[in-house]
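**Q** First, the structure itself, so that you have it in front of you.
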Amino acid sequence: MSMTPSDVKATLSFSDGSPNMDLPIYKGSIGPDVIDIRKLYAQTGKFTYDPGFLSTASCNSTITYIDGDVGELLYRGYPIEQLATNCDFLETCYLLLNGELPNAGQKEEFVESVTNHTMVNEQMQFFLRGFRRDAHPMAVMTGLVGALSAFYHDSTDINNPEHRKIAAIRLIAKMPTLVAMAYKYTIGQPYVYPKNDLSYTENFMRMMFATPCEDYKPNEVLVRAMDRIFILHADHEQNASTSTVRLCGSSGTNPFAAIAAGVACLWGPAHGGANEAALNMLEEIQKNGGVEKIGDFIAQVKDKNSGVKLMGFGHRVYKNYDPRAKLMRETCHEVLNELGLQNDPMFKLAMALEKIALEDEYFVSRKLYPNVDFYSGIVQRAIGIPVPLFTAIFALARTVGWIAQLNEMIGDPEYKIGRPRQLFVGAEKRDVKPMAQR
C-alpha cells in the first residue's frame, strides 16, 4: 500500500506578496488527507509550528487506524471488538507484526517460537539485585529492557531483517518474564521460571502468582481477562511512547534500546500511568468517605479551582466512547462476578463513579466517558496485581506494537533520523562582557 497523491492541491499564499506555494495532498486509505510540507522550508524559508503534533502526521503507516470521533480502533483493518472476542494475544501479535492473521500452521509455529524464548539469562537476577526492593517496577523495567541489548548482541543490527525478527520474538517472549521478576523481587519472593506447556498469558500469571510451595492454578475467566487487556493495549497508532520508539530507532539504535525508551515514556501519568492514577484516585475517595461522599468529590472535580482531577475518564483521541473501554467494561463485570467481588467497597465505588460519569450532564457534555485505563485498573486489582505494576503490564502488552512500528519505519524508504524544528524566542546574538562589567 502506498500514499496516493490527490488531484486537489493546497495553495499557501502570503499577505506580504511572497510567491504562492502549491503543496501536494495525499489521501490515506481511510482518515484525513495530509498536506505534504516537506519542501516548505526549502521554498519559503519557513517552518510550521505544531506543539504536541496535534495536526501533524509524522509518518505513513499500515498498522493501526483510530477514528476518535466515532470511537473506532482497527489493527491492520480488523476492528478491535472482533479481535478481542475471536483471537488471543499471540494471534494479535502475529497480525500486528505481519499484516495478516495467521492460519493454523502459522499460529502454531509463531506460538512455539515465542514459547521457546521466554527464559532470560540468569545474570538478569544479579542485575535486579542492584535495585532497592521498593523501587518502582517501571524504574526496574527501563533498566532490564535496556540491559537485554547487552545479552543479545546477535540480534541488535536493525538493518538486518532476520535480526529484527529474532529481536521481536525475544522481546515479546521475555517481557512477561521480566515483569514477573520485577514483581517477585519487590515482594521478596523467589522467581518462578516460565513453563512451556502453558499459554502466553497463563504462563505470565503463573510466574506472577506461583511460589515454590504452591503452584498457581490458572482460572480461565481471569486468564481471558488478562489476555484481553494485552490485546486492547497492543498498539495505539502514533501515541507518545510509540513516537518515542520511532524517534529513538531513527538514529539506528538497537531494538532493545528503542523499546526501553518506549517503556520510559510510557511511565508518565498522562500516558501509561493513567490506570495507576485512576486507581490511586479511587483509593483517595475511599479514604475520604467512599460512596457516601462521592457527591463531594464530583463537586470538587467540577470546581476549576480545586485542583482535583478525574482520572481514568476521557481520552485525547476518543471524543466518543473508547471502544476498548466497552470491551473492558464487560470483562470487568465478568471478573468481579467470578471472584465474588461485586460488593467490595472499592468496586462499588468504581461502579458508582461510572454511573455518574455516564449520566451526569457535566461529564456527558464534555464526553468524559470512562476509558480503558479506568476498567483495566479495576480488573488488574481484582486479579491481585498491585497498582504500581499496572504500567509495567501495559508495557508488556504494547511491546509488540512498538516493534511493529519500529520495523515499519526501518523498512520505509522515506525514513530519516527524526529532527524536529523549533520557533526560537530567546536572546539574539550578543557579546560576553568581562566579569567586572556584568
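Identifiers for the C-alpha cells are assigned positionally: chains receive A, B, ... in sequence, residues are indexed from 1 per chain, and ligands are indexed from 1 in the order shown.
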Leaving out A:Asn20 and any residue of its chain fewer than 3 positions from it, which residues lie within 12 Å of it when counting only C-alpha atoms, given as JSON, numbers by chain?
**A** {"A": [10, 11, 12, 13, 14, 15, 16, 17, 23, 40, 43, 44]}
**Q** Run DSSP on the backbone of this structure and report the residues of stretch 150-235 of chain A it assigns to helix (DSSP H, G or I), as a PyMOL selection string.
**A** chain A and resi 150-151+153-155+161-187+200-209+220-232
**Q** Please provide the set of residues having any atom within 9 Å of stretch 289-306 of chain A, restricted to only C-alpha atoms, with same-chain residues fewer than 6 positions apart removed, written as a list in words.
**A**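 Contacts, in chain order: Leu282, Glu283, Pro345, Met346, Lys348, Leu349, Ala350, Ala352, Leu353, Ile356 and Tyr362 of chain A.
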**Q** Mind writing the picked residues with N, CA, C and O atoms as a CSV table (one decimal), in the first residue's frame?
**A**
chain,number,residue,atom,x,y,z
A,282,LEU,N,-9.4,6.4,43.1
A,282,LEU,CA,-10.4,5.7,43.8
A,282,LEU,C,-10.1,5.4,45.3
A,282,LEU,O,-10.9,5.6,46.2
A,283,GLU,N,-8.8,5.1,45.5
A,283,GLU,CA,-8.3,4.9,46.9
A,283,GLU,C,-8.5,6.1,47.7
A,283,GLU,O,-8.8,6.1,48.9
A,345,PRO,N,-16.0,-2.8,48.6
A,345,PRO,CA,-16.3,-1.3,48.7
A,345,PRO,C,-15.6,-0.5,47.6
A,345,PRO,O,-16.2,0.4,47.0
A,346,MET,N,-14.4,-0.9,47.2
A,346,MET,CA,-13.7,-0.2,46.2
A,346,MET,C,-14.4,-0.4,44.8
A,346,MET,O,-14.5,0.6,44.0
A,348,LYS,N,-17.6,-1.2,44.4
A,348,LYS,CA,-18.9,-0.5,44.5
A,348,LYS,C,-18.7,1.0,44.1
A,348,LYS,O,-19.5,1.6,43.4
A,349,LEU,N,-17.6,1.6,44.7
A,349,LEU,CA,-17.3,3.0,44.4
A,349,LEU,C,-17.0,3.2,43.0
A,349,LEU,O,-17.5,4.2,42.4
A,350,ALA,N,-16.2,2.3,42.3
A,350,ALA,CA,-15.9,2.5,40.9
A,350,ALA,C,-17.2,2.5,40.1
A,350,ALA,O,-17.3,3.3,39.1
A,352,ALA,N,-20.2,3.2,41.1
A,352,ALA,CA,-21.0,4.4,41.3
A,352,ALA,C,-20.4,5.6,40.5
A,352,ALA,O,-21.2,6.4,40.0
A,353,LEU,N,-19.1,5.7,40.5
A,353,LEU,CA,-18.5,6.7,39.7
A,353,LEU,C,-18.8,6.6,38.2
A,353,LEU,O,-19.0,7.6,37.5
A,356,ILE,N,-22.3,7.8,37.5
A,356,ILE,CA,-22.4,9.3,37.4
A,356,ILE,C,-21.8,9.8,36.1
A,356,ILE,O,-22.4,10.6,35.4
A,362,TYR,N,-22.7,17.2,33.1
A,362,TYR,CA,-21.4,17.8,33.1
A,362,TYR,C,-20.4,16.9,32.4
A,362,TYR,O,-19.6,17.3,31.5
**Q** Quick one: pull the distance between atom CA of A:Trp402 and atom CA of A:Val34, Å, one decimal.
**A** 23.3 Å
**Q** Taking only residues of stretch 10-67 of chain A that have an atom at most 12 Å from an atom of stretch 315-322 of chain A, what is each one's shortest atom pair and its distance in Å to one decimal, using only C-alpha atoms, in chain and number order, as a tab-separated table?
**A**
residue	atom	partner	partner_atom	distance
A:Gly52	CA	A:Arg316	CA	11.4
A:Leu54	CA	A:Arg316	CA	10.1
A:Tyr65	CA	A:Val317	CA	11.5
A:Ile66	CA	A:Val317	CA	8.1
A:Asp67	CA	A:Tyr318	CA	7.4
**Q** Those residues with N, CA, C and O atoms, as a PDB file, in the first residue's frame please?
**A**
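What landed in result.pdb:
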ATOM      1  N   GLY A  52       3.142  19.489  20.308  1.00  0.00           N
ATOM      2  CA  GLY A  52       2.360  18.282  20.621  1.00  0.00           C
ATOM      3  C   GLY A  52       1.856  17.564  19.381  1.00  0.00           C
ATOM      4  O   GLY A  52       1.137  16.583  19.486  1.00  0.00           O
ATOM      5  N   LEU A  54      -0.416  18.173  17.144  1.00  0.00           N
ATOM      6  CA  LEU A  54      -1.871  17.973  17.118  1.00  0.00           C
ATOM      7  C   LEU A  54      -2.409  17.848  15.698  1.00  0.00           C
ATOM      8  O   LEU A  54      -3.466  17.268  15.473  1.00  0.00           O
ATOM      9  N   TYR A  65      -5.344   2.039  12.863  1.00  0.00           N
ATOM     10  CA  TYR A  65      -6.128   3.208  12.499  1.00  0.00           C
ATOM     11  C   TYR A  65      -7.135   3.504  13.605  1.00  0.00           C
ATOM     12  O   TYR A  65      -7.822   2.609  14.083  1.00  0.00           O
ATOM     13  N   ILE A  66      -7.180   4.779  14.017  1.00  0.00           N
ATOM     14  CA  ILE A  66      -8.136   5.197  15.038  1.00  0.00           C
ATOM     15  C   ILE A  66      -9.007   6.302  14.464  1.00  0.00           C
ATOM     16  O   ILE A  66      -8.491   7.244  13.868  1.00  0.00           O
ATOM     17  N   ASP A  67     -10.312   6.174  14.655  1.00  0.00           N
ATOM     18  CA  ASP A  67     -11.197   7.295  14.391  1.00  0.00           C
ATOM     19  C   ASP A  67     -11.803   7.686  15.729  1.00  0.00           C
ATOM     20  O   ASP A  67     -12.701   7.010  16.241  1.00  0.00           O
TER      21      ASP A  67
END
**Q** May I have a table of the residues of stretch 198-239 of chain A lying at most 12 Å from stretch 260-277 of chain A, giving each one's closest pair of atoms and their distance in Å to one decimal, counting only C-alpha atoms, ordered by chain and ascending residue number, as a Markdown table?
**A**
| residue | atom | partner | partner_atom | distance |
| --- | --- | --- | --- | --- |
| A:Ile229 | CA | A:Asn275 | CA | 11.8 |
| A:His233 | CA | A:Gly272 | CA | 9.8 |
| A:His236 | CA | A:His271 | CA | 11.5 |
| A:Gln238 | CA | A:Gly262 | CA | 11.8 |
| A:Asn239 | CA | A:His271 | CA | 8.6 |
**Q** Could you please take those selected residues and save C-alpha atoms as a JSON list (two decimals), in the first residue's frame?
**A**
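Contents of out-v5.json, as written:
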[["chain", "number", "residue", "atom", "x", "y", "z"],
["A", 229, "ILE", "CA", -6.02, -6.46, 28.48],
["A", 233, "HIS", "CA", -3.17, -2.34, 24.71],
["A", 236, "HIS", "CA", -2.49, 2.57, 19.51],
["A", 238, "GLN", "CA", 1.39, 7.22, 16.90],
["A", 239, "ASN", "CA", 1.00, 7.88, 20.65]]
**Q** Between atom CA of A:Ser58 and atom CA of A:Gly314, what is the distance in Å, rounded to a tenth?
**A**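 Taking atom CA of A:Ser58 and atom CA of A:Gly314, their separation equals 24.2 Å.
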**Q** Output as a ChimeraX atom specification all residues of stretch 66-270 of chain A that backbone DSSP marks as strand (DSSP E).
**A** /A:66-67,72-75,78-79
**Q** Report, in Å with one decimal, the straight-line distance from atom CA of A:Val372 to atom CA of A:Cys248.
**A** 27.1 Å
**Q** Looking at only C-alpha atoms, which of A:Leu389, A:Ala147, A:Ser243, A:Val432 is the one that sits closest to A:Phe126?
**A**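 Using only C-alpha atoms, A:Phe126 sits closest to A:Ala147.
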**Q** As a ChimeraX atom specification, please: the residues near A:Lys39 (cut-off 12 Å, only C-alpha atoms, same-chain neighbours under 2 positions excluded).
**A** /A:21-24,35-37,41-48
**Q** Produce a file of the selected residues containing C-alpha atoms, as an mmCIF file, in the first residue's frame.
**A**
data_model
loop_
_atom_site.group_PDB
_atom_site.id
_atom_site.type_symbol
_atom_site.label_atom_id
_atom_site.label_comp_id
_atom_site.auth_asym_id
_atom_site.auth_seq_id
_atom_site.Cartn_x
_atom_site.Cartn_y
_atom_site.Cartn_z
ATOM 1 C CA MET A 21 3.363 27.744 -2.989
ATOM 2 C CA ASP A 22 1.474 24.640 -4.118
ATOM 3 C CA LEU A 23 1.524 21.801 -1.619
ATOM 4 C CA PRO A 24 0.675 18.230 -2.683
ATOM 5 C CA ILE A 35 -0.808 18.195 3.209
ATOM 6 C CA ASP A 36 2.795 17.455 2.286
ATOM 7 C CA ILE A 37 5.002 20.258 3.671
ATOM 8 C CA TYR A 41 11.406 25.244 4.271
ATOM 9 C CA ALA A 42 13.415 24.891 1.067
ATOM 10 C CA GLN A 43 10.935 27.014 -0.871
ATOM 11 C CA THR A 44 9.782 29.587 1.705
ATOM 12 C CA GLY A 45 12.404 29.538 4.472
ATOM 13 C CA LYS A 46 9.564 28.884 6.956
ATOM 14 C CA PHE A 47 8.734 26.026 9.327
ATOM 15 C CA THR A 48 5.295 25.017 10.588
#
**Q** If we count only C-alpha atoms and set the cut-off at 10 Å, which residues sit around A:Arg164, ignoring sequence neighbours fewer than 5 positions away in its own chain? Please answer as a short mmCIF file (atom, residue, chain, number, x, y, z; two decimals) with N, CA and C atoms, in the first residue's frame.
**A**
data_model
loop_
_atom_site.label_atom_id
_atom_site.label_comp_id
_atom_site.auth_asym_id
_atom_site.auth_seq_id
_atom_site.Cartn_x
_atom_site.Cartn_y
_atom_site.Cartn_z
N SER A 155 21.41 -9.96 17.81
CA SER A 155 20.19 -9.52 17.12
C SER A 155 20.00 -8.01 17.27
N THR A 156 21.11 -7.27 17.27
CA THR A 156 20.98 -5.83 17.51
C THR A 156 21.19 -4.98 16.26
N ASP A 157 21.35 -5.62 15.10
CA ASP A 157 21.53 -4.85 13.86
C ASP A 157 20.16 -4.57 13.25
N ILE A 158 19.69 -3.34 13.39
CA ILE A 158 18.31 -3.08 12.94
C ILE A 158 18.18 -3.09 11.42
N ASN A 159 19.30 -3.05 10.70
CA ASN A 159 19.18 -3.07 9.24
C ASN A 159 19.09 -4.48 8.67
N ILE A 169 10.68 -11.50 18.43
CA ILE A 169 10.26 -12.70 19.17
C ILE A 169 10.81 -12.65 20.60
N ARG A 170 12.10 -12.30 20.72
CA ARG A 170 12.72 -12.26 22.04
C ARG A 170 12.01 -11.28 22.97
N ASN A 254 19.79 0.00 18.61
CA ASN A 254 19.29 -1.38 18.57
C ASN A 254 17.86 -1.45 19.11
N PRO A 255 17.10 -2.49 18.71
CA PRO A 255 15.68 -2.57 19.09
C PRO A 255 15.45 -2.56 20.59
N ILE A 403 7.34 -2.70 18.39
CA ILE A 403 8.23 -3.40 17.45
C ILE A 403 7.69 -3.31 16.03
N ALA A 404 6.37 -3.52 15.89
CA ALA A 404 5.77 -3.46 14.55
C ALA A 404 6.00 -2.07 13.94
N LEU A 406 8.37 0.12 14.79
CA LEU A 406 9.81 0.32 14.57
C LEU A 406 10.23 -0.36 13.27
N ASN A 407 9.79 -1.60 13.08
CA ASN A 407 10.15 -2.34 11.85
C ASN A 407 9.59 -1.66 10.61
N ILE A 410 11.79 1.34 9.80
CA ILE A 410 13.09 0.98 9.23
C ILE A 410 12.95 0.53 7.78
#
**Q** With only C-alpha atoms as the basis for distance, which of A:Ala84, A:Leu310, A:Val379, A:Phe127 is at the shortest distance from A:Asn337?
**A**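 Using only C-alpha atoms, A:Asn337 sits closest to A:Val379.
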**Q** If you take only C-alpha atoms and a cut-off of 12 Å, which residues of stretch 62-104 of chain A touch stretch 391-398 of chain A, and what are their nearest atom pairs and distances in Å to one decimal, in chain and number order, as CSV?
**A**
residue,atom,partner,partner_atom,distance
A:Phe89,CA,A:Ala397,CA,8.7
A:Leu90,CA,A:Ala397,CA,10.4
A:Thr92,CA,A:Ala397,CA,10.6
A:Cys93,CA,A:Ala397,CA,9.4
A:Leu96,CA,A:Arg398,CA,11.0
**Q** So, counting only C-alpha atoms, which residue among A:Asp412, A:Asp227, A:Asp50, A:Glu122 is closest to A:Ser376?
**A** A:Asp227
**Q** If you count only C-alpha atoms, which residues fall within 12 Å of A:Cys87, apart from same-chain ones fewer than 3 positions away, as a ChimeraX atom specification?
**A** /A:78-84,90-95,101-103,107,224,227-228,230-232
**Q** Take the residues from that selection and write them out as a PDB file, in the first residue's frame, keeping N, CA, C and O atoms.
**A**
ATOM      1  N   TYR A  78      -8.717  -4.738  11.064  1.00  0.00           N
ATOM      2  CA  TYR A  78      -9.695  -5.516  11.843  1.00  0.00           C
ATOM      3  C   TYR A  78     -10.167  -4.725  13.059  1.00  0.00           C
ATOM      4  O   TYR A  78      -9.335  -4.245  13.833  1.00  0.00           O
ATOM      5  N   PRO A  79     -11.501  -4.611  13.269  1.00  0.00           N
ATOM      6  CA  PRO A  79     -11.991  -3.886  14.450  1.00  0.00           C
ATOM      7  C   PRO A  79     -11.538  -4.571  15.736  1.00  0.00           C
ATOM      8  O   PRO A  79     -11.538  -5.806  15.832  1.00  0.00           O
ATOM      9  N   ILE A  80     -11.156  -3.753  16.706  1.00  0.00           N
ATOM     10  CA  ILE A  80     -10.649  -4.272  17.982  1.00  0.00           C
ATOM     11  C   ILE A  80     -11.680  -5.188  18.650  1.00  0.00           C
ATOM     12  O   ILE A  80     -11.329  -6.172  19.292  1.00  0.00           O
ATOM     13  N   GLU A  81     -12.993  -4.883  18.451  1.00  0.00           N
ATOM     14  CA  GLU A  81     -14.044  -5.707  19.075  1.00  0.00           C
ATOM     15  C   GLU A  81     -13.946  -7.154  18.584  1.00  0.00           C
ATOM     16  O   GLU A  81     -14.077  -8.093  19.351  1.00  0.00           O
ATOM     17  N   GLN A  82     -13.702  -7.318  17.260  1.00  0.00           N
ATOM     18  CA  GLN A  82     -13.639  -8.676  16.699  1.00  0.00           C
ATOM     19  C   GLN A  82     -12.381  -9.408  17.170  1.00  0.00           C
ATOM     20  O   GLN A  82     -12.423 -10.598  17.481  1.00  0.00           O
ATOM     21  N   LEU A  83     -11.266  -8.681  17.235  1.00  0.00           N
ATOM     22  CA  LEU A  83     -10.020  -9.322  17.671  1.00  0.00           C
ATOM     23  C   LEU A  83     -10.121  -9.739  19.138  1.00  0.00           C
ATOM     24  O   LEU A  83      -9.703 -10.838  19.510  1.00  0.00           O
ATOM     25  N   ALA A  84     -10.698  -8.859  19.965  1.00  0.00           N
ATOM     26  CA  ALA A  84     -10.768  -9.155  21.400  1.00  0.00           C
ATOM     27  C   ALA A  84     -11.726 -10.298  21.701  1.00  0.00           C
ATOM     28  O   ALA A  84     -11.594 -10.972  22.715  1.00  0.00           O
ATOM     29  N   LEU A  90      -1.423 -13.720  21.157  1.00  0.00           N
ATOM     30  CA  LEU A  90      -0.343 -14.039  20.218  1.00  0.00           C
ATOM     31  C   LEU A  90      -0.801 -13.975  18.763  1.00  0.00           C
ATOM     32  O   LEU A  90      -0.032 -13.619  17.874  1.00  0.00           O
ATOM     33  N   GLU A  91      -2.080 -14.309  18.508  1.00  0.00           N
ATOM     34  CA  GLU A  91      -2.604 -14.119  17.140  1.00  0.00           C
ATOM     35  C   GLU A  91      -2.575 -12.640  16.776  1.00  0.00           C
ATOM     36  O   GLU A  91      -2.242 -12.253  15.656  1.00  0.00           O
ATOM     37  N   THR A  92      -2.945 -11.813  17.747  1.00  0.00           N
ATOM     38  CA  THR A  92      -2.945 -10.364  17.540  1.00  0.00           C
ATOM     39  C   THR A  92      -1.521  -9.867  17.292  1.00  0.00           C
ATOM     40  O   THR A  92      -1.288  -9.008  16.439  1.00  0.00           O
ATOM     41  N   CYS A  93      -0.563 -10.431  18.035  1.00  0.00           N
ATOM     42  CA  CYS A  93       0.853 -10.073  17.821  1.00  0.00           C
ATOM     43  C   CYS A  93       1.272 -10.414  16.391  1.00  0.00           C
ATOM     44  O   CYS A  93       1.916  -9.609  15.706  1.00  0.00           O
ATOM     45  N   TYR A  94       0.908 -11.604  15.968  1.00  0.00           N
ATOM     46  CA  TYR A  94       1.273 -12.050  14.607  1.00  0.00           C
ATOM     47  C   TYR A  94       0.691 -11.081  13.577  1.00  0.00           C
ATOM     48  O   TYR A  94       1.365 -10.675  12.626  1.00  0.00           O
ATOM     49  N   LEU A  95      -0.567 -10.711  13.809  1.00  0.00           N
ATOM     50  CA  LEU A  95      -1.246  -9.782  12.892  1.00  0.00           C
ATOM     51  C   LEU A  95      -0.511  -8.443  12.826  1.00  0.00           C
ATOM     52  O   LEU A  95      -0.243  -7.917  11.738  1.00  0.00           O
ATOM     53  N   LEU A 101      -3.732 -12.107   9.742  1.00  0.00           N
ATOM     54  CA  LEU A 101      -3.936 -13.083  10.821  1.00  0.00           C
ATOM     55  C   LEU A 101      -3.311 -14.411  10.400  1.00  0.00           C
ATOM     56  O   LEU A 101      -3.328 -14.756   9.220  1.00  0.00           O
ATOM     57  N   PRO A 102      -2.767 -15.171  11.357  1.00  0.00           N
ATOM     58  CA  PRO A 102      -2.122 -16.426  10.981  1.00  0.00           C
ATOM     59  C   PRO A 102      -3.148 -17.520  10.682  1.00  0.00           C
ATOM     60  O   PRO A 102      -4.239 -17.520  11.254  1.00  0.00           O
ATOM     61  N   ASN A 103      -2.792 -18.461   9.794  1.00  0.00           N
ATOM     62  CA  ASN A 103      -3.598 -19.680   9.678  1.00  0.00           C
ATOM     63  C   ASN A 103      -3.121 -20.636  10.783  1.00  0.00           C
ATOM     64  O   ASN A 103      -2.192 -20.307  11.530  1.00  0.00           O
ATOM     65  N   LYS A 107       0.153 -20.020  13.125  1.00  0.00           N
ATOM     66  CA  LYS A 107      -0.040 -19.701  14.536  1.00  0.00           C
ATOM     67  C   LYS A 107       0.784 -20.655  15.406  1.00  0.00           C
ATOM     68  O   LYS A 107       1.475 -20.233  16.335  1.00  0.00           O
ATOM     69  N   ARG A 224      -8.422 -15.126  30.533  1.00  0.00           N
ATOM     70  CA  ARG A 224      -9.034 -14.482  29.365  1.00  0.00           C
ATOM     71  C   ARG A 224      -9.072 -12.954  29.555  1.00  0.00           C
ATOM     72  O   ARG A 224      -8.830 -12.185  28.626  1.00  0.00           O
ATOM     73  N   ASP A 227      -5.601 -11.670  29.027  1.00  0.00           N
ATOM     74  CA  ASP A 227      -5.281 -11.767  27.602  1.00  0.00           C
ATOM     75  C   ASP A 227      -5.943 -10.608  26.844  1.00  0.00           C
ATOM     76  O   ASP A 227      -5.364 -10.004  25.952  1.00  0.00           O
ATOM     77  N   ARG A 228      -7.161 -10.293  27.262  1.00  0.00           N
ATOM     78  CA  ARG A 228      -7.890  -9.205  26.607  1.00  0.00           C
ATOM     79  C   ARG A 228      -7.232  -7.858  26.908  1.00  0.00           C
ATOM     80  O   ARG A 228      -7.148  -6.990  26.049  1.00  0.00           O
ATOM     81  N   PHE A 230      -4.114  -7.427  27.319  1.00  0.00           N
ATOM     82  CA  PHE A 230      -2.956  -7.395  26.409  1.00  0.00           C
ATOM     83  C   PHE A 230      -3.373  -6.979  24.992  1.00  0.00           C
ATOM     84  O   PHE A 230      -2.741  -6.141  24.368  1.00  0.00           O
ATOM     85  N   ILE A 231      -4.456  -7.593  24.489  1.00  0.00           N
ATOM     86  CA  ILE A 231      -4.906  -7.292  23.112  1.00  0.00           C
ATOM     87  C   ILE A 231      -5.276  -5.815  22.978  1.00  0.00           C
ATOM     88  O   ILE A 231      -4.885  -5.143  22.024  1.00  0.00           O
ATOM     89  N   LEU A 232      -6.027  -5.306  23.959  1.00  0.00           N
ATOM     90  CA  LEU A 232      -6.528  -3.930  23.867  1.00  0.00           C
ATOM     91  C   LEU A 232      -5.410  -2.896  23.963  1.00  0.00           C
ATOM     92  O   LEU A 232      -5.565  -1.767  23.518  1.00  0.00           O
TER      93      LEU A 232
END
